[in-house]
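Next comes start-v3.csv, a file with CSV, C-alpha atoms and all ligand atoms.
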```csv
chain,number,residue,atom,x,y,z
A,1,MET,CA,0.0,0.0,0.0
A,2,ALA,CA,1.2,3.5,-0.8
A,3,LYS,CA,2.7,5.4,2.1
A,4,ARG,CA,0.9,8.6,3.2
A,5,ALA,CA,2.5,11.8,4.2
A,6,LEU,CA,1.2,15.1,5.5
A,7,ILE,CA,3.2,18.3,4.8
A,8,THR,CA,2.5,21.5,6.7
A,9,GLY,CA,3.9,24.4,4.7
A,10,ILE,CA,3.2,22.6,1.4
A,11,THR,CA,2.7,26.0,-0.4
A,12,GLY,CA,6.2,27.1,0.6
A,13,GLN,CA,9.6,26.6,-1.2
A,14,ASP,CA,10.5,23.4,0.6
A,15,GLY,CA,7.0,22.1,0.7
A,16,SER,CA,6.6,22.2,-3.1
A,17,TYR,CA,9.9,20.3,-3.7
A,18,LEU,CA,9.1,17.8,-0.9
A,19,ALA,CA,5.7,17.1,-2.4
A,20,GLU,CA,7.2,16.5,-5.8
A,21,LEU,CA,9.8,14.1,-4.3
A,22,LEU,CA,7.2,12.1,-2.2
A,23,LEU,CA,4.8,11.8,-5.2
A,24,ALA,CA,7.8,10.5,-7.3
A,25,ASN,CA,8.4,8.0,-4.5
A,26,GLY,CA,4.8,6.7,-4.7
A,27,TYR,CA,3.4,8.5,-1.7
A,28,GLN,CA,-0.1,9.7,-1.2
A,29,VAL,CA,0.5,13.4,-0.3
A,30,PHE,CA,-1.7,15.7,1.9
A,31,GLY,CA,-0.9,19.3,2.6
A,32,LEU,CA,-2.1,21.8,5.2
A,33,VAL,CA,-3.1,25.2,3.8
A,34,ARG,CA,-4.3,28.4,5.4
A,35,ARG,CA,-7.5,30.2,4.6
A,36,SER,CA,-7.1,33.4,2.7
A,37,SER,CA,-9.7,36.1,1.9
A,38,THR,CA,-8.4,36.4,-1.7
A,39,PRO,CA,-8.4,33.4,-4.1
A,40,ALA,CA,-5.4,31.3,-3.2
A,41,THR,CA,-3.2,30.7,-6.2
A,42,PHE,CA,-0.9,28.1,-4.6
A,43,ALA,CA,1.7,29.2,-7.3
A,44,ARG,CA,4.5,26.8,-6.2
A,45,ILE,CA,2.3,23.6,-6.3
A,46,LYS,CA,0.0,24.5,-9.2
A,47,HIS,CA,1.6,21.9,-11.4
A,48,ILE,CA,0.9,19.1,-8.9
A,49,GLN,CA,-2.3,20.4,-7.3
A,50,ASP,CA,-4.5,17.6,-8.8
A,51,LYS,CA,-2.1,15.0,-7.3
A,52,VAL,CA,-2.2,16.2,-3.7
A,53,THR,CA,-5.0,16.6,-1.2
A,54,LEU,CA,-5.2,20.0,0.5
A,55,ILE,CA,-6.6,20.2,4.0
A,56,GLY,CA,-7.5,23.6,5.7
A,57,GLY,CA,-5.8,24.4,8.9
A,58,ASP,CA,-3.4,26.7,10.8
A,59,MET,CA,-0.4,26.1,13.0
A,60,SER,CA,-2.0,28.3,15.6
A,61,ASP,CA,-5.1,26.2,15.8
A,62,GLN,CA,-5.0,22.8,17.7
A,63,THR,CA,-8.3,21.5,16.5
A,64,SER,CA,-7.4,22.0,12.8
A,65,LEU,CA,-4.1,20.2,13.2
A,66,GLN,CA,-5.7,17.3,15.0
A,67,ASN,CA,-8.4,17.1,12.2
A,68,ALA,CA,-5.7,17.2,9.5
A,69,ILE,CA,-4.0,14.2,11.1
A,70,ILE,CA,-7.2,12.3,11.5
A,71,GLN,CA,-8.2,13.0,7.9
A,72,ALA,CA,-4.8,12.3,6.3
A,73,GLU,CA,-4.0,9.2,8.3
A,74,PRO,CA,-0.3,9.8,7.6
A,75,ASP,CA,2.6,7.5,8.1
A,76,GLU,CA,4.9,10.6,8.1
A,77,VAL,CA,4.4,14.2,9.0
A,78,TYR,CA,6.8,16.9,7.7
A,79,ASN,CA,6.4,20.1,9.7
A,80,LEU,CA,7.6,22.8,7.3
A,81,ALA,CA,5.1,25.5,8.2
A,82,ALA,CA,6.6,28.6,9.9
A,83,GLN,CA,6.8,32.3,9.9
A,84,SER,CA,10.2,31.8,8.3
A,85,PHE,CA,11.5,35.3,7.5
A,86,VAL,CA,14.1,36.3,10.1
A,87,GLN,CA,13.6,40.1,9.6
A,88,THR,CA,9.8,39.9,10.2
A,89,SER,CA,10.4,38.0,13.5
A,90,TRP,CA,11.5,41.3,15.1
A,91,SER,CA,8.3,43.1,14.1
A,92,GLN,CA,6.1,40.1,14.8
A,93,PRO,CA,7.9,38.3,17.7
A,94,VAL,CA,4.8,36.9,19.4
A,95,PHE,CA,3.2,35.6,16.2
A,96,THR,CA,6.6,34.0,15.2
A,97,GLY,CA,6.8,32.4,18.6
A,98,ASP,CA,3.3,31.1,18.4
A,99,VAL,CA,3.5,29.6,14.8
A,100,THR,CA,7.1,28.7,14.5
A,101,GLY,CA,7.6,27.6,18.1
A,102,LEU,CA,4.4,26.6,19.8
A,103,GLY,CA,3.0,25.2,16.6
A,104,VAL,CA,5.4,22.4,16.8
A,105,THR,CA,4.0,21.3,20.2
A,106,ARG,CA,0.5,21.5,18.8
A,107,LEU,CA,1.4,19.2,16.0
A,108,LEU,CA,3.3,16.8,18.1
A,109,ASP,CA,0.5,16.6,20.6
A,110,ALA,CA,-2.0,15.9,17.9
A,111,ILE,CA,0.3,13.0,16.7
A,112,ARG,CA,0.5,11.7,20.3
A,113,PHE,CA,-3.3,11.6,20.6
A,114,VAL,CA,-4.2,10.3,17.2
A,115,ASN,CA,-1.4,7.9,16.4
A,116,PRO,CA,2.0,8.0,18.1
A,117,ARG,CA,3.5,5.7,15.5
A,118,ILE,CA,3.5,8.5,12.9
A,119,ARG,CA,7.0,9.6,12.0
A,120,PHE,CA,7.7,13.3,12.5
A,121,TYR,CA,10.1,15.7,10.8
A,122,GLN,CA,10.8,19.1,12.3
A,123,ALA,CA,12.2,21.9,10.1
A,124,SER,CA,14.9,23.2,12.4
A,125,SER,CA,17.4,25.8,11.3
A,126,SER,CA,21.0,26.9,11.4
A,127,GLU,CA,19.6,30.1,12.8
A,128,MET,CA,19.6,28.2,16.1
A,129,PHE,CA,23.5,28.5,16.1
A,130,GLY,CA,23.2,32.3,15.6
A,131,LYS,CA,26.3,33.7,17.3
A,132,VAL,CA,28.3,30.6,16.6
A,133,GLN,CA,30.0,28.8,19.5
A,134,GLU,CA,32.0,26.5,17.1
A,135,VAL,CA,33.2,26.5,13.5
A,136,PRO,CA,31.9,24.6,11.6
A,137,GLN,CA,28.6,23.9,13.3
A,138,ARG,CA,27.6,20.3,13.9
A,139,GLU,CA,24.8,18.4,15.7
A,140,THR,CA,26.6,18.9,19.1
A,141,THR,CA,27.3,22.7,18.7
A,142,SER,CA,25.6,24.8,21.4
A,143,PHE,CA,22.8,27.1,20.3
A,144,TYR,CA,22.9,30.9,20.6
A,145,PRO,CA,20.0,32.3,18.6
A,146,ARG,CA,20.1,35.9,17.5
A,147,SER,CA,16.5,36.6,16.5
A,148,PRO,CA,12.9,35.8,17.7
A,149,TYR,CA,12.8,33.4,14.8
A,150,GLY,CA,16.0,31.6,16.0
A,151,VAL,CA,14.6,31.5,19.5
A,152,ALA,CA,11.3,30.0,18.3
A,153,LYS,CA,13.3,27.3,16.3
A,154,VAL,CA,15.3,26.4,19.4
A,155,TYR,CA,12.0,25.8,21.2
A,156,GLY,CA,10.8,23.7,18.2
A,157,HIS,CA,14.0,21.7,18.2
A,158,TRP,CA,13.9,20.8,21.9
A,159,ILE,CA,10.2,20.0,22.0
A,160,THR,CA,10.8,17.6,19.2
A,161,VAL,CA,13.6,15.9,21.2
A,162,ASN,CA,11.4,16.0,24.2
A,163,TYR,CA,8.4,14.2,22.6
A,164,ARG,CA,10.9,11.6,21.2
A,165,GLU,CA,12.3,11.0,24.7
A,166,SER,CA,9.0,11.3,26.6
A,167,TYR,CA,6.7,9.3,24.3
A,168,GLY,CA,9.0,7.3,22.0
A,169,ILE,CA,7.7,9.1,18.9
A,170,HIS,CA,10.0,8.7,15.8
A,171,ALA,CA,10.7,12.5,15.8
A,172,THR,CA,13.6,14.0,14.0
A,173,SER,CA,15.0,17.6,14.0
A,174,GLY,CA,16.7,18.4,10.7
A,175,MET,CA,19.1,21.4,11.3
A,176,LEU,CA,19.2,22.8,7.8
A,177,PHE,CA,21.4,25.6,6.7
A,178,ASN,CA,20.2,28.2,4.1
A,179,HIS,CA,18.8,26.6,1.0
A,180,GLU,CA,17.5,28.4,-2.0
A,181,SER,CA,16.0,27.9,-5.5
A,182,PRO,CA,14.1,29.7,-8.1
A,183,ARG,CA,11.1,29.2,-5.9
A,184,ARG,CA,12.6,31.0,-2.9
A,185,GLY,CA,10.5,33.8,-1.5
A,186,ILE,CA,11.4,37.2,-3.1
A,187,GLU,CA,12.3,38.8,0.3
A,188,PHE,CA,15.2,36.4,1.1
A,189,VAL,CA,18.6,37.8,0.0
A,190,THR,CA,19.5,35.3,-2.8
A,191,ARG,CA,16.2,35.7,-4.6
A,192,LYS,CA,16.0,39.4,-4.0
A,193,VAL,CA,19.4,39.7,-5.7
A,194,THR,CA,18.8,37.3,-8.6
A,195,TYR,CA,15.3,38.9,-9.4
A,196,GLN,CA,16.7,42.4,-9.3
A,197,VAL,CA,19.7,41.5,-11.4
A,198,ALA,CA,17.3,40.2,-14.1
A,199,ARG,CA,15.3,43.5,-13.9
A,200,ILE,CA,18.4,45.6,-14.1
A,201,LYS,CA,19.8,43.5,-17.1
A,202,LEU,CA,16.5,43.9,-18.9
A,203,GLY,CA,16.3,47.6,-18.3
A,204,LEU,CA,13.5,47.7,-15.7
A,205,ALA,CA,15.5,48.8,-12.7
A,206,ASN,CA,18.8,50.6,-12.0
A,207,GLU,CA,19.7,49.8,-8.4
A,208,LEU,CA,19.6,47.1,-5.8
A,209,ARG,CA,19.3,48.2,-2.1
A,210,LEU,CA,20.7,45.7,0.4
A,211,GLY,CA,21.7,45.6,4.1
A,212,ASN,CA,24.8,43.8,5.5
A,213,LEU,CA,27.1,42.6,2.7
A,214,ASP,CA,29.6,41.0,5.1
A,215,ALA,CA,27.3,38.2,6.5
A,216,GLN,CA,28.5,34.8,5.5
A,217,ARG,CA,26.1,31.9,4.7
A,218,ASP,CA,26.3,28.2,3.8
A,219,TRP,CA,23.9,28.2,0.8
A,220,GLY,CA,22.7,25.0,-0.8
A,221,PHE,CA,19.9,24.0,-3.2
A,222,ALA,CA,16.4,23.3,-1.8
A,223,GLY,CA,15.9,20.3,-4.0
A,224,ASP,CA,18.9,18.6,-2.4
A,225,TYR,CA,17.7,19.4,1.1
A,226,VAL,CA,14.2,18.0,0.9
A,227,ARG,CA,15.9,14.7,-0.1
A,228,ALA,CA,17.7,14.8,3.2
A,229,MET,CA,14.3,15.3,5.1
A,230,TRP,CA,12.9,12.2,3.5
A,231,LEU,CA,16.0,10.1,4.2
A,232,MET,CA,15.9,11.1,7.9
A,233,LEU,CA,12.4,9.6,8.3
A,234,GLN,CA,13.5,6.3,6.6
A,235,GLN,CA,16.0,5.6,9.4
A,236,ASP,CA,15.2,2.8,11.9
A,237,GLU,CA,16.0,5.1,14.8
A,238,PRO,CA,15.2,8.8,14.9
A,239,GLU,CA,18.2,11.1,15.2
A,240,ASP,CA,19.0,14.8,14.5
A,241,PHE,CA,21.1,15.9,11.5
A,242,VAL,CA,22.9,19.0,10.2
A,243,ILE,CA,22.4,19.5,6.5
A,244,ALA,CA,24.8,21.9,4.8
A,245,THR,CA,27.3,22.2,1.9
A,246,GLY,CA,30.3,22.9,4.1
A,247,GLU,CA,31.1,26.0,2.1
A,248,THR,CA,30.4,29.6,3.1
A,249,HIS,CA,30.3,32.9,1.1
A,250,THR,CA,29.6,36.5,1.9
A,251,VAL,CA,26.5,38.3,0.7
A,252,GLU,CA,29.0,40.4,-1.4
A,253,LYS,CA,30.2,37.3,-3.1
A,254,LEU,CA,26.6,36.3,-3.9
A,255,VAL,CA,26.0,39.7,-5.4
A,256,GLU,CA,29.2,39.6,-7.5
A,257,THR,CA,28.5,36.1,-8.7
A,258,ALA,CA,24.9,37.0,-9.8
A,259,PHE,CA,25.8,40.3,-11.5
A,260,SER,CA,28.8,38.9,-13.3
A,261,HIS,CA,26.7,36.0,-14.7
A,262,VAL,CA,24.9,38.6,-16.9
A,263,ASP,CA,28.1,40.6,-17.5
A,264,LEU,CA,27.3,43.5,-15.1
A,265,ASP,CA,29.6,45.1,-12.5
A,266,TRP,CA,27.7,44.9,-9.2
A,267,LYS,CA,29.5,48.0,-7.8
A,268,GLN,CA,27.5,50.2,-10.2
A,269,TYR,CA,24.1,49.1,-8.9
A,270,VAL,CA,24.3,48.0,-5.3
A,271,LYS,CA,23.5,50.6,-2.6
A,272,GLN,CA,23.6,49.9,1.2
A,273,ASP,CA,20.4,50.8,3.0
A,274,PRO,CA,20.0,50.8,6.8
A,275,GLU,CA,16.4,49.6,6.3
A,276,PHE,CA,17.7,46.1,5.6
A,277,MET,CA,20.2,45.9,8.5
A,278,ARG,CA,19.1,43.7,11.4
A,279,PRO,CA,19.0,44.5,15.1
A,280,ALA,CA,21.3,41.5,15.7
A,281,GLU,CA,23.1,39.7,12.9
A,282,VAL,CA,24.3,36.2,12.4
A,283,ASP,CA,27.7,36.8,11.0
A,284,LEU,CA,28.9,33.4,9.9
A,285,LEU,CA,27.3,30.1,9.2
A,286,ILE,CA,29.1,27.0,7.9
A,287,GLY,CA,27.9,23.5,8.5
A,288,ASP,CA,29.5,20.1,8.9
A,289,ALA,CA,27.1,17.5,7.4
A,290,SER,CA,29.4,14.6,7.8
A,291,LYS,CA,27.0,12.7,10.0
A,292,ALA,CA,24.3,12.9,7.3
A,293,GLY,CA,26.9,11.8,4.7
A,294,LYS,CA,27.8,8.8,6.8
A,295,LEU,CA,24.4,7.6,8.1
A,296,LEU,CA,22.0,8.9,5.3
A,297,GLY,CA,24.4,8.7,2.3
A,298,TRP,CA,23.4,12.4,1.7
A,299,GLU,CA,25.5,14.9,-0.2
A,300,PRO,CA,24.6,18.1,-2.1
A,301,SER,CA,24.6,18.0,-5.9
A,302,VAL,CA,24.5,21.7,-6.6
A,303,ASN,CA,27.4,24.1,-5.6
A,304,PHE,CA,27.2,27.8,-4.8
A,305,THR,CA,28.0,29.1,-8.3
A,306,GLN,CA,25.6,26.6,-10.0
A,307,LEU,CA,22.9,27.7,-7.5
A,308,VAL,CA,23.3,31.4,-8.2
A,309,HIS,CA,23.5,30.8,-12.0
A,310,MET,CA,20.4,28.6,-11.8
A,311,MET,CA,18.5,31.3,-10.0
A,312,VAL,CA,19.6,34.2,-12.2
A,313,ASP,CA,18.7,32.2,-15.4
A,314,ALA,CA,15.3,31.4,-13.9
A,315,ASP,CA,14.6,35.1,-13.0
A,316,MET,CA,15.8,36.2,-16.5
A,317,ALA,CA,13.2,33.9,-18.0
A,318,LEU,CA,10.5,35.0,-15.4
A,319,VAL,CA,11.1,38.8,-16.0
A,320,LYS,CA,11.0,38.3,-19.8
A,321,GLU,CA,7.6,36.5,-19.3
A,322,GLU,CA,6.4,39.3,-17.0
A,323,MET,CA,7.4,41.9,-19.7
A,324,ARG,CA,5.5,39.9,-22.4
A,325,ALA,CA,2.4,39.7,-20.2
A,326,GLU,CA,2.6,43.4,-19.5
A,327,SER,CA,2.8,44.3,-23.2
A,328,VAL,CA,-0.2,42.0,-24.0
A,329,VAL,CA,-2.3,43.8,-21.3
A,330,SER,CA,-1.3,47.3,-22.5
A,331,ASP,CA,-1.9,46.4,-26.2
A,401,LIG,P1,8.5,29.4,3.2
A,401,LIG,O1,8.7,29.3,1.7
A,401,LIG,O2,8.4,30.7,3.9
A,401,LIG,O3,7.2,28.5,3.5
A,401,LIG,C1,6.6,28.6,4.8
A,401,LIG,C2,5.3,27.8,4.7
A,401,LIG,O4,4.6,27.8,6.0
A,401,LIG,C3,4.2,28.3,3.7
A,401,LIG,O5,3.6,27.2,3.1
A,401,LIG,C4,3.3,29.1,4.6
A,401,LIG,O6,2.0,29.2,4.0
A,401,LIG,C5,3.3,28.2,5.8
A,401,LIG,N1,2.7,28.8,7.0
A,401,LIG,C6,3.2,30.0,7.6
A,401,LIG,N2,2.4,30.3,8.7
A,401,LIG,C7,1.5,29.3,8.8
A,401,LIG,C8,0.5,29.0,9.7
A,401,LIG,N3,0.2,29.8,10.7
A,401,LIG,N4,-0.3,27.9,9.5
A,401,LIG,C9,0.0,27.1,8.5
A,401,LIG,N5,0.9,27.3,7.6
A,401,LIG,C10,1.7,28.4,7.7
A,401,LIG,O7,9.7,28.5,3.9
A,401,LIG,P2,10.7,27.5,3.4
A,401,LIG,O8,11.9,28.2,2.9
A,401,LIG,O9,10.0,26.5,2.5
A,401,LIG,O10,11.1,26.7,4.7
A,401,LIG,C11,10.4,25.6,5.2
A,401,LIG,C12,10.6,25.4,6.7
A,401,LIG,O11,12.0,25.2,6.9
A,401,LIG,C13,10.3,26.6,7.5
A,401,LIG,O12,9.8,26.0,8.8
A,401,LIG,C14,11.6,27.3,7.7
A,401,LIG,O13,11.6,28.0,8.9
A,401,LIG,C15,12.5,26.1,7.8
A,401,LIG,N6,13.9,26.4,7.3
A,401,LIG,C16,14.1,27.0,6.1
A,401,LIG,C17,15.4,27.1,5.7
A,401,LIG,C18,15.7,27.7,4.3
A,401,LIG,O14,16.9,28.1,4.1
A,401,LIG,N7,14.8,27.8,3.4
A,401,LIG,C19,16.5,26.7,6.5
A,401,LIG,C20,16.2,26.1,7.7
A,401,LIG,C21,14.9,25.9,8.1
A,401,LIG,P3,1.5,30.4,3.1
A,401,LIG,O15,1.9,30.0,1.7
A,401,LIG,O16,0.0,30.4,3.4
A,401,LIG,O17,2.2,31.6,3.6
A,402,LIG,O1,19.4,36.7,4.9
A,402,LIG,C1,21.8,39.5,4.8
A,402,LIG,C2,21.0,39.3,6.1
A,402,LIG,O2,16.9,36.7,4.8
A,402,LIG,C3,20.7,36.2,4.7
A,402,LIG,C4,15.6,31.7,6.3
A,402,LIG,O3,15.2,30.7,5.3
A,402,LIG,O4,17.8,30.9,6.3
A,402,LIG,C5,17.0,32.0,6.1
A,402,LIG,O5,17.4,33.1,7.0
A,402,LIG,C6,21.7,37.2,5.0
A,402,LIG,C7,21.5,37.9,6.4
A,402,LIG,O6,18.1,34.5,5.2
A,402,LIG,C8,19.8,41.8,2.8
A,402,LIG,O7,21.3,40.3,7.0
A,402,LIG,C9,21.8,41.6,3.5
A,402,LIG,O8,22.7,38.0,7.1
A,402,LIG,O9,18.2,35.5,3.0
A,402,LIG,P1,18.1,35.9,4.4
A,402,LIG,P2,18.4,34.2,6.7
A,402,LIG,O10,18.1,35.3,7.6
A,402,LIG,O11,19.8,33.6,6.8
A,402,LIG,C10,17.7,30.3,7.7
A,402,LIG,C11,18.6,29.1,7.7
A,402,LIG,C12,16.3,30.1,8.0
A,402,LIG,O12,16.0,29.2,8.8
A,402,LIG,C13,15.3,31.1,7.7
A,402,LIG,O13,14.0,30.6,7.7
A,402,LIG,O14,21.7,38.3,4.1
A,402,LIG,N1,21.2,40.6,3.9
A,402,LIG,N2,21.0,42.5,2.8
A,402,LIG,C14,19.9,40.6,3.6
A,402,LIG,N3,18.9,39.8,3.7
A,402,LIG,C15,17.7,40.1,3.2
A,402,LIG,N4,16.6,39.3,3.4
A,402,LIG,N5,17.5,41.3,2.5
A,402,LIG,C16,18.5,42.2,2.3
A,402,LIG,O15,18.3,43.2,1.7
```

Have the structure of the file written as structure tokens, please.
Amino acid sequence: MAKRALITGITGQDGSYLAELLLANGYQVFGLVRRSSTPATFARIKHIQDKVTLIGGDMSDQTSLQNAIIQAEPDEVYNLAAQSFVQTSWSQPVFTGDVTGLGVTRLLDAIRFVNPRIRFYQASSSEMFGKVQEVPQRETTSFYPRSPYGVAKVYGHWITVNYRESYGIHATSGMLFNHESPRRGIEFVTRKVTYQVARIKLGLANELRLGNLDAQRDWGFAGDYVRAMWLMLQQDEPEDFVIATGETHTVEKLVETAFSHVDLDWKQYVKQDPEFMRPAEVDLLIGDASKAGKLLGWEPSVNFTQLVHMMVDADMALVKEEMRAESVVSD
């Protein structure tokens, strides 16, 4: 019989890649979606919407989570739903704590009541390492979060460990470093850069306003990282894993790589803007995924330069499409 999986956050970047992967692996896929007052377009999962079952619910609502689990009868639950933008977590700290932190407990408790044999994946984050206590960061590195988002993710991590130890649930925390793709939200720095590079190249814009160019991140490809999530739930025993490329680059290097891919000099277009600086910064992230390599056989297939080029190429095609659509409307 086909395995069944419930994905919270199915409409997000990772949710869409994970749904594709699970469908390809023969799963019956269910996804939790929030109500919206405007017609929901579900842009990232449009191409697979007839193959998945969407269930209404919200991470802040216990009843809806319990109902989703009763309805989906999943073998595996992947908790990807979160208020995931670090900058917003300073302006909406309580909401972030509720959805990104407490939401994990709501979901785990629903699993405990409905069927504690369900396997559970928690989308933990390198933001938990924050002001890093060790370089590179590994599973045993102490946490020092630097944002309300990072603090909420530390809570989500420990409640996952706690439900594993208290109730014997097959619960895993995947500590994933930044991962990106052409489906990345436009507010995150990689996509903000690649989309604006395309607009500048095509004559629609003439500057790119950014915050801290010195921050260093370990950026990988989202398609590789959802494969690691699935592998974690196929292990006999639940364990926590760091997923990362083991390479780090500055935001400035990201900018330079993106602009030079379309033969532009970034220095002519990039302006620093205090609006995009954070109250507390995570200066350096670089992960050691050797445990995942050894136990899961996981390794990344896309490197930094390939990732940036992939995203610039996709945004060049997207902006051209937007220009065509615009000219049809104005005709
Ligand atoms: P994303 O694109 O921002 O997607 C977040 C998803 O969560 C969306 O489907 C969103 O639904 C949903 N969501 C938000 N609030 C919700 C609520 N109250 N109830 C139900 N659903 C809600 O994030 P992502 O990049 O795919 O990341 C997936 C997960 O991994 C997140 O938990 C994130 O914090 C974590 N993570 C991400 C990275 C990374 O580099 N991408 C690294 C480590 C950990 P709407 O479409 O309705 O907004
Ligand atoms: O920022 C700097 C910014 O917003 C990366 C989320 O998926 O990964 C993500 O969190 C860096 C930071 O991602 C701008 O200060 C400079 O140092 O792309 P970001 P993030 O904060 O690292 C982790 C692992 C997650 O778990 C999160 O959910 O880039 N930066 N100038 C900027 N960042 C943004 N967004 N915009 C700028 O203009």

Using only C-alpha atoms, determine which residues lie at most 9 Å from Asn303 (chain A), disregarding the query and same-chain residues fewer than 3 positions distant; provide the list as number ranges by chain.
A: 219-221, 245, 247, 300, 306-308

Any chance you can output those residues with C-alpha atoms as a PDB file, in the coordinates of the input?
```
ATOM      1  CA  TRP A 219      23.900  28.200   0.800  1.00  0.00           C
ATOM      2  CA  GLY A 220      22.700  25.000  -0.800  1.00  0.00           C
ATOM      3  CA  PHE A 221      19.900  24.000  -3.200  1.00  0.00           C
ATOM      4  CA  THR A 245      27.300  22.200   1.900  1.00  0.00           C
ATOM      5  CA  GLU A 247      31.100  26.000   2.100  1.00  0.00           C
ATOM      6  CA  PRO A 300      24.600  18.100  -2.100  1.00  0.00           C
ATOM      7  CA  GLN A 306      25.600  26.600 -10.000  1.00  0.00           C
ATOM      8  CA  LEU A 307      22.900  27.700  -7.500  1.00  0.00           C
ATOM      9  CA  VAL A 308      23.300  31.400  -8.200  1.00  0.00           C
TER      10      VAL A 308
END
```

Nearest-residue call for ligand LIG 401 (chain A), choices A:Trp266, A:Tyr17, A:Tyr163, A:Tyr195, using all atoms listed in the file:
A:Tyr17

Taking (-8.4, 16.2, 12.4) in the file's own coordinates, collect the residues within 12 Å, counting all atoms listed in the file, and hand them back as a PyMOL selection string.
chain A and resi 6+32+55-58+61-74+107+110-111+113-115

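Residues in contact range of Glu275 (chain A), defined as at most 12 Å between only C-alpha atoms, with sequence neighbours fewer than 6 positions away removed, read Gln87, Arg209, Leu210, Gly211 and Asn212 of chain A.
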
Return as CSV the residues of chain A lying at most 7 Å from ligand LIG 401 (chain A), together with the closest atom-to-atom pair for each and the distance in Å to one decimal, counting only C-alpha atoms and all ligand atoms, with rows in chain order and ascending residue number.
```
residue,atom,partner,partner_atom,distance
A:Thr8,CA,A:LIG401,N5,6.1
A:Gly9,CA,A:LIG401,O5,3.2
A:Ile10,CA,A:LIG401,O5,4.9
A:Thr11,CA,A:LIG401,O5,3.8
A:Gly12,CA,A:LIG401,O3,3.4
A:Gln13,CA,A:LIG401,O9,3.7
A:Asp14,CA,A:LIG401,O9,3.7
A:Gly15,CA,A:LIG401,O9,5.6
A:Leu32,CA,A:LIG401,C9,6.6
A:Val33,CA,A:LIG401,N5,5.9
A:Arg34,CA,A:LIG401,O16,5.1
A:Gly57,CA,A:LIG401,C9,6.4
A:Asp58,CA,A:LIG401,N4,3.6
A:Met59,CA,A:LIG401,N4,3.9
A:Ser60,CA,A:LIG401,N3,5.6
A:Asn79,CA,A:LIG401,O12,6.9
A:Leu80,CA,A:LIG401,C12,4.0
A:Ala81,CA,A:LIG401,O4,3.2
A:Ala82,CA,A:LIG401,O12,4.3
A:Gln83,CA,A:LIG401,C6,4.9
A:Ser84,CA,A:LIG401,O13,4.1
A:Phe85,CA,A:LIG401,O2,6.6
A:Val99,CA,A:LIG401,N3,5.3
A:Thr100,CA,A:LIG401,O12,6.9
A:Ala123,CA,A:LIG401,O11,4.6
A:Ser124,CA,A:LIG401,C21,5.1
A:Ser125,CA,A:LIG401,C20,3.8
A:Ser126,CA,A:LIG401,C20,6.1
A:Met175,CA,A:LIG401,C20,6.6
A:Leu176,CA,A:LIG401,C20,4.5
A:Phe177,CA,A:LIG401,C19,5.0
A:Asn178,CA,A:LIG401,O14,3.3
A:His179,CA,A:LIG401,O14,3.9
A:Glu180,CA,A:LIG401,N7,6.1
A:Arg184,CA,A:LIG401,O1,6.3
A:Gly185,CA,A:LIG401,O1,5.8
```

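Separating CA of Thr305 (chain A) from CA of Glu134 (chain A) is a distance of 25.8 Å.
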
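Counting from CA of Met277 (chain A), the distance to atom C7 of ligand LIG 402 (chain A) is 8.4 Å.
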
If you measure from CA of Gln196 (chain A) to atom N5 of ligand LIG 402 (chain A), what distance in Å do you get, rounded to one decimal?
11.9 Å

Select, from A:Leu213, A:Ala171, A:Ala289, A:Met229, the residue with the minimum atom-to-atom distance to ligand LIG 402 (chain A), counting all atoms listed in the file.
A:Leu213

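Nearest residue to ligand LIG 402 (chain A) among A:Glu187, A:Asp263, A:Asp224, A:Glu322 is A:Glu187, counting only C-alpha atoms and all ligand atoms.
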
Find the spatial neighbours of Asp283 (chain A), counting all atoms listed in the file, within a cut-off of 8 Å - ignore same-chain residues fewer than 6 positions away - and output them as a PyMOL selection string.
chain A and resi 130-131+214-216

From A:Thr160, A:Met323, A:Ala5, A:Gln272, residue lying nearest Leu18 (chain A) [only C-alpha atoms]
A:Ala5

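Within a radius of 12 Å around (7.8, 38.4, 16.9), the polymer residues are Gln83, Ser84, Phe85, Val86, Gln87, Thr88, Ser89, Trp90, Ser91, Gln92, Pro93, Val94, Phe95, Thr96, Gly97, Asp98, Val99, Thr100, Gly101, Ser147, Pro148, Tyr149, Gly150, Val151 and Ala152 of chain A, counting only C-alpha atoms.
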
Considering only C-alpha atoms and all ligand atoms, can you say which of A:Lys267, A:His261, A:Arg199, A:Lys192 comes closest to ligand LIG 402 (chain A)?
A:Lys192

Per-axis box centre and lengths in Å around region 304-317 of chain A, 3 Å margin per side, axis-aligned, as lines of an AutoDock Vina configuration file:
```
center_x = 20.6
center_y = 31.4
center_z = -11.4
size_x = 20.8
size_y = 15.6
size_z = 19.2
```

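For the set A:Leu108, A:Leu23, A:Val132, A:Val270, the residue with the smallest atom-to-atom gap to Phe120 (chain A) is A:Leu108, counting only C-alpha atoms.
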